[in-house]
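*Asks:* The file below is target.txt, compact mmCIF, C-alpha atoms and all ligand atoms:
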```
# COMPACT_ATOMS: atom_id res chain seq x y z
CA MET A 3 -13.81 -2.97 14.39
CA LYS A 4 -10.27 -3.45 15.59
CA GLU A 5 -7.78 -0.56 15.67
CA THR A 6 -4.25 -1.51 14.66
CA TRP A 7 -0.90 -0.04 13.67
CA ARG A 8 1.71 -1.12 11.17
CA TRP A 9 4.93 -2.59 12.53
CA PHE A 10 7.90 -3.21 10.24
CA GLY A 11 9.52 -5.73 12.57
CA PRO A 12 12.39 -5.53 15.04
CA GLN A 13 14.25 -2.84 13.05
CA ASP A 14 11.22 -0.51 13.16
CA PRO A 15 11.96 2.65 15.19
CA VAL A 16 8.31 2.53 16.32
CA SER A 17 8.35 0.01 19.14
CA LEU A 18 5.55 -2.40 20.00
CA ASP A 19 5.30 -0.69 23.40
CA HIS A 20 4.57 2.60 21.69
CA VAL A 21 1.94 0.94 19.51
CA LYS A 22 0.27 -0.40 22.61
CA GLN A 23 0.53 2.86 24.54
CA ALA A 24 -1.11 4.71 21.67
CA GLY A 25 -4.17 2.50 22.04
CA ALA A 26 -3.90 -0.02 19.20
CA THR A 27 -4.70 -3.63 20.10
CA GLY A 28 -3.11 -5.30 17.08
CA VAL A 29 -0.43 -4.83 14.48
CA VAL A 30 -0.20 -5.26 10.75
CA SER A 31 3.17 -6.76 9.90
CA ALA A 32 5.01 -9.01 7.48
CA LEU A 33 8.30 -10.85 7.31
CA HIS A 34 9.78 -7.82 5.60
CA HIS A 35 13.19 -9.47 5.32
CA LEU A 36 11.65 -12.13 3.02
CA TYR A 37 10.43 -10.11 0.08
CA ARG A 38 11.78 -11.90 -2.98
CA GLY A 39 8.88 -14.30 -3.41
CA GLU A 40 10.41 -17.10 -1.33
CA ALA A 41 8.16 -19.26 0.89
CA TRP A 42 7.88 -18.24 4.53
CA SER A 43 8.52 -21.07 6.98
CA LEU A 44 6.21 -21.76 9.90
CA ASP A 45 9.18 -21.23 12.25
CA GLU A 46 9.82 -17.71 10.95
CA VAL A 47 6.13 -16.83 11.14
CA LEU A 48 5.81 -18.16 14.69
CA LYS A 49 8.93 -16.27 15.77
CA ARG A 50 7.38 -12.98 14.63
CA LYS A 51 4.03 -13.86 16.18
CA THR A 52 5.66 -14.58 19.54
CA GLN A 53 7.44 -11.21 19.47
CA ILE A 54 4.16 -9.40 18.85
CA GLU A 55 2.18 -11.31 21.44
CA ALA A 56 4.92 -10.83 24.06
CA ALA A 57 4.13 -7.11 23.82
CA GLY A 58 0.45 -7.82 24.51
CA LEU A 59 -0.69 -7.26 20.94
CA ASP A 60 -2.28 -9.42 18.25
CA TRP A 61 -0.81 -9.96 14.79
CA SER A 62 -4.05 -8.96 13.09
CA VAL A 63 -3.04 -8.90 9.44
CA VAL A 64 -0.10 -9.97 7.32
CA GLU A 65 0.67 -7.19 4.85
CA SER A 66 1.93 -8.29 2.40
CA ILE A 67 3.01 -11.61 1.00
CA PRO A 68 4.75 -10.20 -2.08
CA VAL A 69 3.42 -11.44 -5.42
CA HIS A 70 6.47 -12.05 -7.61
CA ASN A 71 6.60 -10.28 -10.98
CA SER A 72 6.74 -13.61 -12.82
CA ILE A 73 3.21 -14.28 -11.49
CA LYS A 74 1.97 -10.93 -12.82
CA LEU A 75 3.60 -11.75 -16.16
CA GLN A 76 2.81 -15.49 -16.10
CA THR A 77 6.28 -16.18 -17.41
CA GLY A 78 9.44 -17.94 -16.25
CA PRO A 79 9.28 -19.62 -12.87
CA PHE A 80 5.77 -18.30 -12.07
CA ARG A 81 4.44 -21.72 -11.01
CA GLN A 82 7.25 -22.11 -8.50
CA PHE A 83 6.55 -18.61 -7.11
CA THR A 84 2.79 -19.30 -6.97
CA ASP A 85 3.49 -22.45 -4.95
CA ALA A 86 5.79 -20.48 -2.65
CA TRP A 87 3.01 -17.90 -2.15
CA LYS A 88 0.57 -20.66 -1.21
CA ASP A 89 3.15 -22.18 1.17
CA SER A 90 3.57 -18.79 2.89
CA LEU A 91 -0.20 -18.51 3.18
CA ALA A 92 -0.36 -21.97 4.75
CA ALA A 93 2.36 -21.10 7.28
CA ILE A 94 0.51 -17.92 8.25
CA ALA A 95 -2.83 -19.70 8.59
CA ARG A 96 -1.24 -22.44 10.71
CA ALA A 97 0.06 -19.71 13.00
CA ARG A 98 -3.58 -18.54 13.22
CA VAL A 99 -3.17 -15.20 11.51
CA ASN A 100 -6.15 -15.18 9.21
CA ILE A 101 -6.10 -12.02 7.11
CA VAL A 102 -3.52 -11.42 4.42
CA CYS A 103 -3.31 -8.16 2.52
CA TYR A 104 -1.56 -8.15 -0.85
CA ASN A 105 -1.45 -6.14 -4.04
CA PHE A 106 -1.08 -6.74 -7.74
CA MET A 107 0.91 -3.65 -8.75
CA PRO A 108 3.41 -4.52 -11.46
CA VAL A 109 7.07 -3.45 -11.11
CA VAL A 110 6.86 -0.36 -8.95
CA ASP A 111 4.86 -1.12 -5.85
CA TRP A 112 3.51 1.86 -3.91
CA THR A 113 5.51 4.85 -5.03
CA ARG A 114 6.11 8.54 -4.35
CA THR A 115 8.20 11.30 -5.92
CA ASP A 116 9.08 13.04 -2.61
CA LEU A 117 9.79 11.49 0.76
CA ARG A 118 10.41 14.76 2.57
CA TRP A 119 7.99 17.31 1.17
CA ARG A 120 8.24 20.23 3.55
CA LEU A 121 4.87 21.13 5.10
CA PRO A 122 3.95 24.63 6.34
CA SER A 123 4.12 23.11 9.84
CA THR A 124 7.83 22.31 9.13
CA GLY A 125 7.18 18.56 9.27
CA CYS A 126 7.69 16.41 6.19
CA ALA A 127 5.22 14.33 4.22
CA LEU A 128 5.19 11.92 1.31
CA ARG A 129 4.12 13.36 -2.03
CA PHE A 130 3.48 12.17 -5.56
CA ASP A 131 3.47 14.30 -8.68
CA VAL A 132 2.62 12.80 -12.07
CA ILE A 133 4.86 15.29 -13.89
CA ASP A 134 7.86 14.49 -11.67
CA PHE A 135 7.29 10.81 -12.38
CA ALA A 136 7.06 11.47 -16.13
CA ALA A 137 10.27 13.52 -15.95
CA TYR A 138 12.01 10.54 -14.40
CA ASP A 139 10.53 8.03 -16.84
CA LEU A 140 11.28 10.08 -19.96
CA PHE A 141 14.56 11.84 -19.22
CA LEU A 142 16.40 9.94 -16.48
CA LEU A 143 15.31 6.34 -16.88
CA GLN A 144 14.82 6.91 -20.62
CA ARG A 145 12.48 3.94 -20.85
CA THR A 146 12.25 2.61 -24.40
CA ALA A 147 9.37 4.25 -26.31
CA ALA A 148 8.21 6.00 -23.12
CA GLU A 149 7.10 9.04 -25.10
CA GLN A 150 4.30 6.94 -26.66
CA ASP A 151 2.64 6.73 -23.24
CA TYR A 152 2.38 10.50 -22.69
CA SER A 153 0.53 13.34 -24.39
CA ALA A 154 2.57 16.08 -26.07
CA GLU A 155 1.41 18.40 -23.30
CA SER A 156 2.66 16.05 -20.55
CA ILE A 157 6.00 15.59 -22.30
CA ALA A 158 6.46 19.37 -22.52
CA ALA A 159 5.56 19.80 -18.84
CA ALA A 160 7.91 16.97 -17.85
CA ARG A 161 10.73 18.47 -19.96
CA ALA A 162 10.30 21.85 -18.28
CA ARG A 163 10.23 20.18 -14.85
CA TYR A 164 13.34 18.12 -15.61
CA ASP A 165 15.24 21.17 -16.90
CA SER A 166 14.41 23.07 -13.71
CA MET A 167 15.72 20.30 -11.42
CA SER A 168 19.17 20.45 -9.86
CA GLU A 169 21.44 17.43 -10.17
CA ALA A 170 20.81 16.71 -6.47
CA ARG A 171 17.05 16.76 -7.02
CA ARG A 172 17.35 14.41 -10.00
CA ASN A 173 19.35 11.96 -7.89
CA GLU A 174 16.88 12.21 -5.03
CA LEU A 175 13.94 11.66 -7.40
CA GLU A 176 15.54 8.53 -8.82
CA ARG A 177 16.35 7.14 -5.39
CA THR A 178 12.80 7.85 -4.22
CA ILE A 179 11.27 5.96 -7.16
CA ILE A 180 13.60 2.98 -7.49
CA ALA A 181 14.90 2.19 -4.03
CA GLY A 182 11.64 0.71 -2.73
CA LEU A 183 9.50 2.22 0.02
CA PRO A 184 8.92 0.31 3.28
CA GLY A 185 6.81 -2.75 2.63
CA ALA A 186 7.39 -2.47 -1.10
CA GLU A 187 8.30 -5.64 -2.87
CA ALA A 188 11.52 -4.74 -4.58
CA SER A 189 14.24 -2.21 -5.04
CA TYR A 190 16.03 -1.56 -8.31
CA THR A 191 18.93 0.08 -10.00
CA ARG A 192 18.23 2.15 -13.09
CA THR A 193 19.26 -0.81 -15.26
CA THR A 194 17.29 -3.52 -13.45
CA LEU A 195 14.18 -1.31 -13.46
CA LYS A 196 14.54 -0.63 -17.17
CA ASN A 197 15.01 -4.34 -17.90
CA LEU A 198 11.97 -5.38 -15.90
CA LEU A 199 9.82 -2.70 -17.54
CA ALA A 200 10.96 -4.04 -20.91
CA GLU A 201 9.49 -7.41 -19.93
CA TYR A 202 6.14 -5.69 -19.38
CA ALA A 203 6.28 -3.74 -22.65
CA GLY A 204 3.08 -4.26 -24.60
CA LEU A 205 1.26 -6.04 -21.75
CA THR A 206 -2.38 -5.06 -22.15
CA ALA A 207 -4.90 -4.40 -19.40
CA ALA A 208 -6.81 -7.53 -20.50
CA GLU A 209 -3.67 -9.67 -20.21
CA LEU A 210 -2.85 -8.33 -16.75
CA ARG A 211 -6.45 -9.04 -15.70
CA ALA A 212 -6.18 -12.61 -17.05
CA HIS A 213 -2.98 -13.13 -15.06
CA LEU A 214 -4.68 -11.90 -11.90
CA ILE A 215 -7.61 -14.24 -12.48
CA ALA A 216 -5.27 -17.20 -13.01
CA PHE A 217 -3.54 -16.32 -9.71
CA LEU A 218 -6.84 -15.96 -7.83
CA ARG A 219 -8.05 -19.33 -9.17
CA GLU A 220 -4.89 -20.88 -7.69
CA VAL A 221 -5.00 -19.19 -4.29
CA ALA A 222 -8.73 -18.88 -3.54
CA PRO A 223 -9.34 -22.62 -2.93
CA VAL A 224 -6.23 -22.75 -0.71
CA ALA A 225 -7.43 -19.75 1.28
CA GLU A 226 -10.85 -21.36 1.70
CA GLU A 227 -9.34 -24.60 2.90
CA LEU A 228 -7.07 -22.79 5.37
CA GLY A 229 -9.73 -20.34 6.57
CA ALA A 230 -7.58 -17.39 5.47
CA ARG A 231 -9.05 -14.21 4.03
CA LEU A 232 -7.22 -12.34 1.27
CA ALA A 233 -7.69 -8.57 1.08
CA ILE A 234 -6.37 -6.81 -1.99
CA HIS A 235 -4.95 -3.31 -1.65
CA PRO A 236 -5.57 -0.66 -4.36
CA ASP A 237 -2.80 0.42 -6.69
CA ASP A 238 -1.03 3.36 -5.07
CA PRO A 239 -1.14 5.79 -6.77
CA PRO A 240 -4.10 4.60 -8.84
CA GLN A 241 -2.72 6.13 -12.01
CA PRO A 242 -4.26 4.14 -14.92
CA MET A 243 -0.81 3.69 -16.48
CA LEU A 244 2.53 4.05 -14.68
CA ALA A 245 5.85 3.68 -16.51
CA GLY A 246 3.98 2.12 -19.42
CA VAL A 247 2.38 -0.61 -17.28
CA PRO A 248 -1.38 -0.72 -16.78
CA ARG A 249 -2.78 -0.23 -13.28
CA CYS A 250 -6.28 -0.95 -14.40
CA ILE A 251 -7.84 -3.43 -11.99
CA PHE A 252 -7.49 -2.17 -8.46
CA SER A 253 -7.61 1.51 -9.26
CA ASN A 254 -11.34 1.81 -9.87
CA PHE A 255 -14.67 0.49 -8.63
CA GLU A 256 -15.48 -1.52 -11.77
CA GLY A 257 -12.10 -3.25 -11.68
CA TYR A 258 -12.58 -4.31 -8.06
CA LYS A 259 -16.17 -5.39 -8.65
CA ARG A 260 -15.25 -7.60 -11.61
CA ALA A 261 -12.25 -9.19 -9.92
CA ILE A 262 -14.21 -9.98 -6.77
CA GLU A 263 -17.11 -11.40 -8.78
CA ILE A 264 -14.82 -13.58 -10.89
CA ALA A 265 -12.97 -14.84 -7.80
CA ASN A 266 -16.38 -15.75 -6.38
CA SER A 267 -15.04 -16.83 -3.01
CA PRO A 268 -16.07 -15.77 0.51
CA ASN A 269 -12.34 -15.61 1.30
CA ILE A 270 -11.43 -13.04 -1.38
CA GLY A 271 -12.16 -9.44 -0.47
CA VAL A 272 -11.03 -5.84 -0.29
CA CYS A 273 -8.51 -3.79 1.67
CA LEU A 274 -9.89 -0.31 1.09
CA CYS A 275 -6.92 2.05 1.34
CA CYS A 276 -8.83 5.31 1.65
CA GLY A 277 -5.63 7.23 0.93
CA SER A 278 -4.99 5.50 -2.39
CA TRP A 279 -8.66 5.81 -3.24
CA LEU A 280 -8.74 9.53 -2.51
CA GLU A 281 -5.61 9.97 -4.64
CA GLY A 282 -7.65 8.66 -7.56
CA GLY A 283 -10.57 11.05 -6.98
CA LYS A 284 -13.23 10.83 -9.68
CA MET A 285 -11.15 8.32 -11.68
CA THR A 286 -12.10 5.60 -9.19
CA GLY A 287 -15.78 5.79 -10.12
CA ALA A 288 -16.93 5.51 -6.50
CA ASP A 289 -15.81 7.44 -3.44
CA PRO A 290 -14.74 5.63 -0.23
CA VAL A 291 -18.23 5.86 1.28
CA GLU A 292 -19.78 4.35 -1.86
CA MET A 293 -17.14 1.58 -1.81
CA ILE A 294 -18.01 0.80 1.83
CA ARG A 295 -21.75 0.81 1.10
CA TYR A 296 -21.25 -1.57 -1.83
CA PHE A 297 -18.67 -4.03 -0.46
CA GLY A 298 -19.54 -3.81 3.28
CA PRO A 299 -22.98 -5.48 3.15
CA ARG A 300 -21.57 -8.12 0.76
CA LYS A 301 -19.04 -9.12 3.45
CA LYS A 302 -16.16 -8.22 1.15
CA LEU A 303 -14.56 -5.52 3.26
CA PHE A 304 -11.78 -7.06 5.36
CA LYS A 305 -9.52 -4.11 6.10
CA ILE A 306 -9.43 -0.30 6.00
CA HIS A 307 -6.40 1.96 5.62
CA PHE A 308 -7.64 5.17 7.24
CA ARG A 309 -5.63 7.84 5.39
CA ASN A 310 -6.26 11.23 3.76
CA VAL A 311 -4.49 13.31 1.07
CA SER A 312 -4.41 16.97 0.05
CA ALA A 313 -6.04 16.49 -3.37
CA PRO A 314 -6.65 13.89 -6.06
CA LEU A 315 -4.03 13.32 -8.78
CA PRO A 316 -2.18 14.77 -10.71
CA HIS A 317 -0.35 15.54 -7.46
CA PHE A 318 -1.03 15.01 -3.80
CA THR A 319 0.63 15.28 -0.41
CA GLU A 320 -0.22 12.88 2.38
CA THR A 321 -1.95 14.61 5.29
CA MET A 322 -3.20 13.93 8.79
CA ILE A 323 -6.59 12.23 8.90
CA ASP A 324 -8.36 15.51 9.73
CA ASP A 325 -6.36 17.72 7.37
CA GLY A 326 -6.94 16.40 3.84
CA TYR A 327 -9.56 17.12 1.19
CA TYR A 328 -12.00 14.41 2.30
CA ASP A 329 -14.09 14.39 5.48
CA MET A 330 -12.92 11.12 7.01
CA SER A 331 -15.70 11.15 9.63
CA LYS A 332 -18.06 10.22 6.75
CA ILE A 333 -15.98 7.09 6.18
CA MET A 334 -16.10 6.11 9.85
CA LYS A 335 -19.85 6.71 9.89
CA ALA A 336 -20.33 4.49 6.83
CA LEU A 337 -18.22 1.73 8.45
CA VAL A 338 -20.39 1.82 11.57
CA GLU A 339 -23.55 1.84 9.40
CA VAL A 340 -22.55 -1.31 7.51
CA GLY A 341 -21.49 -3.04 10.74
CA PHE A 342 -17.84 -3.31 9.67
CA GLU A 343 -16.07 -5.80 11.93
CA GLY A 344 -12.66 -5.92 10.25
CA ILE A 345 -9.32 -4.23 10.82
CA VAL A 346 -8.71 -0.50 10.60
CA ILE A 347 -5.27 1.07 10.53
CA PRO A 348 -3.92 4.58 10.03
CA ASP A 349 -1.60 4.25 7.05
CA HIS A 350 1.42 6.49 6.42
CA VAL A 351 1.71 9.76 8.23
CA PRO A 352 3.25 13.22 7.95
CA GLY A 353 6.16 13.89 10.26
CA LEU A 354 4.58 15.22 13.40
CA GLY A 355 7.41 14.97 15.91
CA SER A 356 9.92 13.82 13.33
CA ASN A 357 13.47 14.58 14.25
CA PRO A 358 15.09 17.07 11.83
CA ALA A 359 18.43 15.47 12.70
CA ASN A 360 17.25 12.30 10.96
CA GLU A 361 16.19 14.06 7.80
CA GLY A 362 18.43 13.15 4.97
CA ALA A 363 19.44 9.96 6.74
CA GLY A 364 17.53 8.31 3.94
CA ARG A 365 17.24 4.61 3.40
CA GLY A 366 18.35 1.65 5.40
CA GLY A 367 20.28 -1.40 4.34
CA ALA A 368 19.80 -2.93 0.88
CA GLY A 369 17.92 0.12 -0.28
CA ARG A 370 14.90 -0.65 1.89
CA GLY A 371 13.19 2.29 3.53
CA VAL A 372 13.64 3.53 7.05
CA PRO A 373 10.01 3.79 8.10
CA GLY A 374 10.44 5.86 11.27
CA GLU A 375 11.11 9.07 9.41
CA TYR A 376 7.56 9.42 8.25
CA ARG A 377 5.65 7.52 10.87
CA PRO A 378 7.07 8.89 14.11
CA ASN A 379 5.49 8.08 17.45
CA PRO A 380 3.71 11.38 18.19
CA ALA A 381 1.99 11.18 14.81
CA LEU A 382 1.00 7.58 15.52
CA ALA A 383 -0.71 8.63 18.75
CA TYR A 384 -2.36 11.62 17.06
CA LEU A 385 -3.79 9.49 14.25
CA LEU A 386 -5.13 6.78 16.54
CA GLY A 387 -6.70 9.52 18.69
CA CYS A 388 -8.30 11.07 15.61
CA MET A 389 -9.59 7.74 14.40
CA ASN A 390 -10.94 6.80 17.79
CA SER A 391 -12.76 10.09 18.30
CA MET A 392 -14.41 9.65 14.89
CA LEU A 393 -15.44 6.14 15.91
CA ILE A 394 -16.91 7.39 19.19
CA ALA A 395 -18.83 10.11 17.34
CA ALA A 396 -20.10 7.63 14.72
CA GLN A 397 -21.23 5.14 17.33
CA GLY A 398 -22.67 7.82 19.56
CA LYS A 399 -20.85 6.28 22.52
CA GLN A 400 -17.44 5.38 23.87
CA ALA A 401 -16.04 2.40 21.97
CA ASN A 402 -15.73 0.40 25.21
CA GLY A 403 -18.34 2.30 27.24
MN MN A 501 -2.56 1.81 2.01
```
Here is a file; write its structure as structure tokens.
*Replies:*
Amino acid sequence: MKETWRWFGPQDPVSLDHVKQAGATGVVSALHHLYRGEAWSLDEVLKRKTQIEAAGLDWSVVESIPVHNSIKLQTGPFRQFTDAWKDSLAAIARARVNIVCYNFMPVVDWTRTDLRWRLPSTGCALRFDVIDFAAYDLFLLQRTAAEQDYSAESIAAARARYDSMSEARRNELERTIIAGLPGAEASYTRTTLKNLLAEYAGLTAAELRAHLIAFLREVAPVAEELGARLAIHPDDPPQPMLAGVPRCIFSNFEGYKRAIEIANSPNIGVCLCCGSWLEGGKMTGADPVEMIRYFGPRKKLFKIHFRNVSAPLPHFTETMIDDGYYDMSKIMKALVEVGFEGIVIPDHVPGLGSNPANEGAGRGGAGRGVPGEYRPNPALAYLLGCMNSMLIAAQGKQANG
């Protein structure tokens, strides 16, 4: 397997040199400045590839080519955006980057309710709390008919949480949810978020699944022709319903199994984000090791996000690989057992070595995240070291010995 690290492009405070020094041989990156569903040109893709290779690294995976909301809704200009997606895929394949990771999360991409949750170690980590999210949805966003999507008990808990929040905390919570985390597909204002959610109102799980299948039927033959492999990332968090929109397909084993079977293509497979999966706990219907044992031998496992969390939902904090509720060495062992030959990457990371002076600096231009705050260099090196030692233990020998 190939150990990699995520790179957000030239504006990323983590430099390619640091990635290389920490021991990764490739990076996972995207043209993060092109996130509105427009087609990526071959020139732009080659420019990024040259930058990465000049540092002595491979561009191992593109994560992600954003899937525009019109495709998930199959409305408006969705054909135009599907064609643009296929054009981006073609440009990437022509540049000889052959794995593309994507997701099918409607509206809010990967999301959290805290970006600077203070750890006992004084570092900061990302956190998600279902009640905080409900408090936002019900009382700040005031989504139309939101109360129909929550139990009376959840509404009462969210009300109490909202009442206990300071004005500053309410503002921070809103910014955290709507401004778009690094790599996320969009950022919103309260109004644009509310309007987009209104477009999804009443969309059933079956309809969302049908829209995914229509998309896969379009892109799978193109991927086959180009020799590109498409790895789908789980919904993060894998909450079955978020802001009234179903997250029903890539949040559980059955959903993945059905989608992969229907796609029925050697080029359509799985990015198993262990972190997202562990957030789901028993709701996923199969733990990460069971996922690996099922999809690995079927040659459907293209990429692994090697991440741990403190506990399954309703709330979790992201942790170091060796500090969460799941024994990640079992995952590495299972990967070695199934002969996994794909890409493995530590995902997000608590702030080991983060600079307190940067805390509160918040987001970068256009509401996009500043990734360095929660993926600082010392943590990068620590995680790769952790991952590598688990690999050595699982293989019973030095990786290159
Ligand atoms: Mn992930």
*Asks:* Could you tell me, as a PDB file with C-alpha atoms, in the coordinates of the input, which residues have any atom at most 12 Å from (-16.8, -6.5, 13.2), counting all atoms listed in the file?
*Replies:*
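Final file, result-v1.pdb:
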```pdb
ATOM      1  CA  MET A   3     -13.810  -2.970  14.390  1.00  0.00           C
ATOM      2  CA  LYS A   4     -10.270  -3.450  15.590  1.00  0.00           C
ATOM      3  CA  GLU A   5      -7.780  -0.560  15.670  1.00  0.00           C
ATOM      4  CA  GLY A 298     -19.540  -3.810   3.280  1.00  0.00           C
ATOM      5  CA  PRO A 299     -22.980  -5.480   3.150  1.00  0.00           C
ATOM      6  CA  LYS A 301     -19.040  -9.120   3.450  1.00  0.00           C
ATOM      7  CA  LEU A 303     -14.560  -5.520   3.260  1.00  0.00           C
ATOM      8  CA  PHE A 304     -11.780  -7.060   5.360  1.00  0.00           C
ATOM      9  CA  LYS A 305      -9.520  -4.110   6.100  1.00  0.00           C
ATOM     10  CA  LEU A 337     -18.220   1.730   8.450  1.00  0.00           C
ATOM     11  CA  VAL A 338     -20.390   1.820  11.570  1.00  0.00           C
ATOM     12  CA  GLU A 339     -23.550   1.840   9.400  1.00  0.00           C
ATOM     13  CA  VAL A 340     -22.550  -1.310   7.510  1.00  0.00           C
ATOM     14  CA  GLY A 341     -21.490  -3.040  10.740  1.00  0.00           C
ATOM     15  CA  PHE A 342     -17.840  -3.310   9.670  1.00  0.00           C
ATOM     16  CA  GLU A 343     -16.070  -5.800  11.930  1.00  0.00           C
ATOM     17  CA  GLY A 344     -12.660  -5.920  10.250  1.00  0.00           C
ATOM     18  CA  ILE A 345      -9.320  -4.230  10.820  1.00  0.00           C
ATOM     19  CA  VAL A 346      -8.710  -0.500  10.600  1.00  0.00           C
TER      20      VAL A 346
END
```
*Asks:* With a distance cut-off of 12 Å and all atoms listed in the file, select the neighbouring residues of Val351 (chain A), excluding the residue or stretch itself and same-chain residues fewer than 5 positions from it, and output the selection as a PyMOL selection string.
*Replies:* chain A and resi 7-8+117-118+125-129+277+307-311+319-326+356+373-386
*Asks:* Could you list, as a list in words, all the residues within 8 Å of ligand MN 501 (chain A), counting only C-alpha atoms and all ligand atoms?
*Replies:*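 So, counting only C-alpha atoms and all ligand atoms, the residues near ligand MN 501 (chain A) are His235, Pro236, Asp238, Leu274, Cys275, Cys276, Gly277, Ser278, His307, Arg309, Asp349 and His350 of chain A.
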*Asks:* Rounded to one decimal in Å, what is the spacing between CA of Val99 (chain A) and CA of Arg231 (chain A)?
*Replies:*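 Computing it gives 9.6 Å between the two atoms.
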*Asks:* Counting only C-alpha atoms, which residues of region 218-335 of chain A fall within 9 Å of region 140-158 of chain A, and what is the closest atom pair for each with its distance in Å at one decimal, ordered by chain and rising number, as JSON lines?
*Replies:*
```
{"residue": "A:Met243", "atom": "CA", "partner": "A:Asp151", "partner_atom": "CA", "distance": 8.2}
{"residue": "A:Leu244", "atom": "CA", "partner": "A:Asp151", "partner_atom": "CA", "distance": 9.0}
{"residue": "A:Ala245", "atom": "CA", "partner": "A:Ala148", "partner_atom": "CA", "distance": 7.4}
{"residue": "A:Gly246", "atom": "CA", "partner": "A:Asp151", "partner_atom": "CA", "distance": 6.1}
```
*Asks:* Choose the residue, out of A:Ala93, A:His70, A:Ala208, A:Leu18, that has the smallest atom-to-atom separation from Lys49 (chain A); count all atoms listed in the file.
*Replies:*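 Among the listed residues, the smallest separation from Lys49 (chain A) belongs to A:Ala93.
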*Asks:* Point out the residue among A:Ser123, A:Leu354, A:Ile180, A:Val110 with the least atom-to-atom distance to Thr193 (chain A), counting only C-alpha atoms.
*Replies:*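 Closest residue, counting only C-alpha atoms: A:Ile180.
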*Asks:* Can you pull out the residues contacting region 266-269 of chain A? Cut-off 7 Å, using all atoms listed in the file, and skip same-chain residues under 2 positions away; I want them as an MDAnalysis selection string.
*Replies:* chainID A and resid 222 225:226 230:232 262:264 271
*Asks:* To one decimal place in Å, what is the distance between CA of Tyr164 (chain A) and CA of Ala136 (chain A)?
*Replies:*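 CA of Ala136 (chain A) lies 9.2 Å from CA of Tyr164 (chain A).
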*Asks:* Which residue gives the smallest distance to Trp119 (chain A) among A:Leu175, A:Met330, A:Val247, A:Leu280, with only C-alpha atoms counted?
*Replies:*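 For Trp119 (chain A), the nearest of the candidates is A:Leu175.
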*Asks:* Could you tell me how far CA of Leu205 (chain A) lies from CA of Cys250 (chain A), in Å and to one decimal?
*Replies:*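 Taking CA of Leu205 (chain A) as the start and CA of Cys250 (chain A) as the end point, the length is 11.7 Å.
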*Asks:* Tell me which of A:Asp116, A:Glu55, A:Glu40, A:Asp60 sits closest to Asn173 (chain A), counting only C-alpha atoms.
*Replies:* A:Asp116
*Asks:* Applying 8 Å and only C-alpha atoms, which residues near region 85-88 of chain A remain after dropping the ones on its own chain fewer than 2 positions away? List them as a CSV table (one decimal) with C-alpha atoms, in the frame of the given file.
*Replies:*
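Once written, result00.csv looks like this:
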```csv
chain,number,residue,atom,x,y,z
A,39,GLY,CA,8.9,-14.3,-3.4
A,40,GLU,CA,10.4,-17.1,-1.3
A,41,ALA,CA,8.2,-19.3,0.9
A,42,TRP,CA,7.9,-18.2,4.5
A,67,ILE,CA,3.0,-11.6,1.0
A,68,PRO,CA,4.8,-10.2,-2.1
A,69,VAL,CA,3.4,-11.4,-5.4
A,81,ARG,CA,4.4,-21.7,-11.0
A,82,GLN,CA,7.2,-22.1,-8.5
A,83,PHE,CA,6.6,-18.6,-7.1
A,90,SER,CA,3.6,-18.8,2.9
A,91,LEU,CA,-0.2,-18.5,3.2
A,92,ALA,CA,-0.4,-22.0,4.8
A,221,VAL,CA,-5.0,-19.2,-4.3
A,224,VAL,CA,-6.2,-22.8,-0.7
```
*Asks:* Looking at all atoms listed in the file, which of A:Thr77, A:Ser31, A:Ser66, A:Gln241 is the one that sits closest to Asp131 (chain A)?
*Replies:*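 The shortest atom-to-atom distance to Asp131 (chain A) comes from A:Gln241.
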*Asks:* When you look at Ala32 (chain A) with a cut-off of 12 Å (counting only C-alpha atoms), what residues show up, excluding the ones that are within fewer than 5 positions of it in the same chain? I need them as a ChimeraX atom specification.
*Replies:* /A:8-12,14,37,42,46-51,54,61-68,90-91,94,99,101-104,184-187
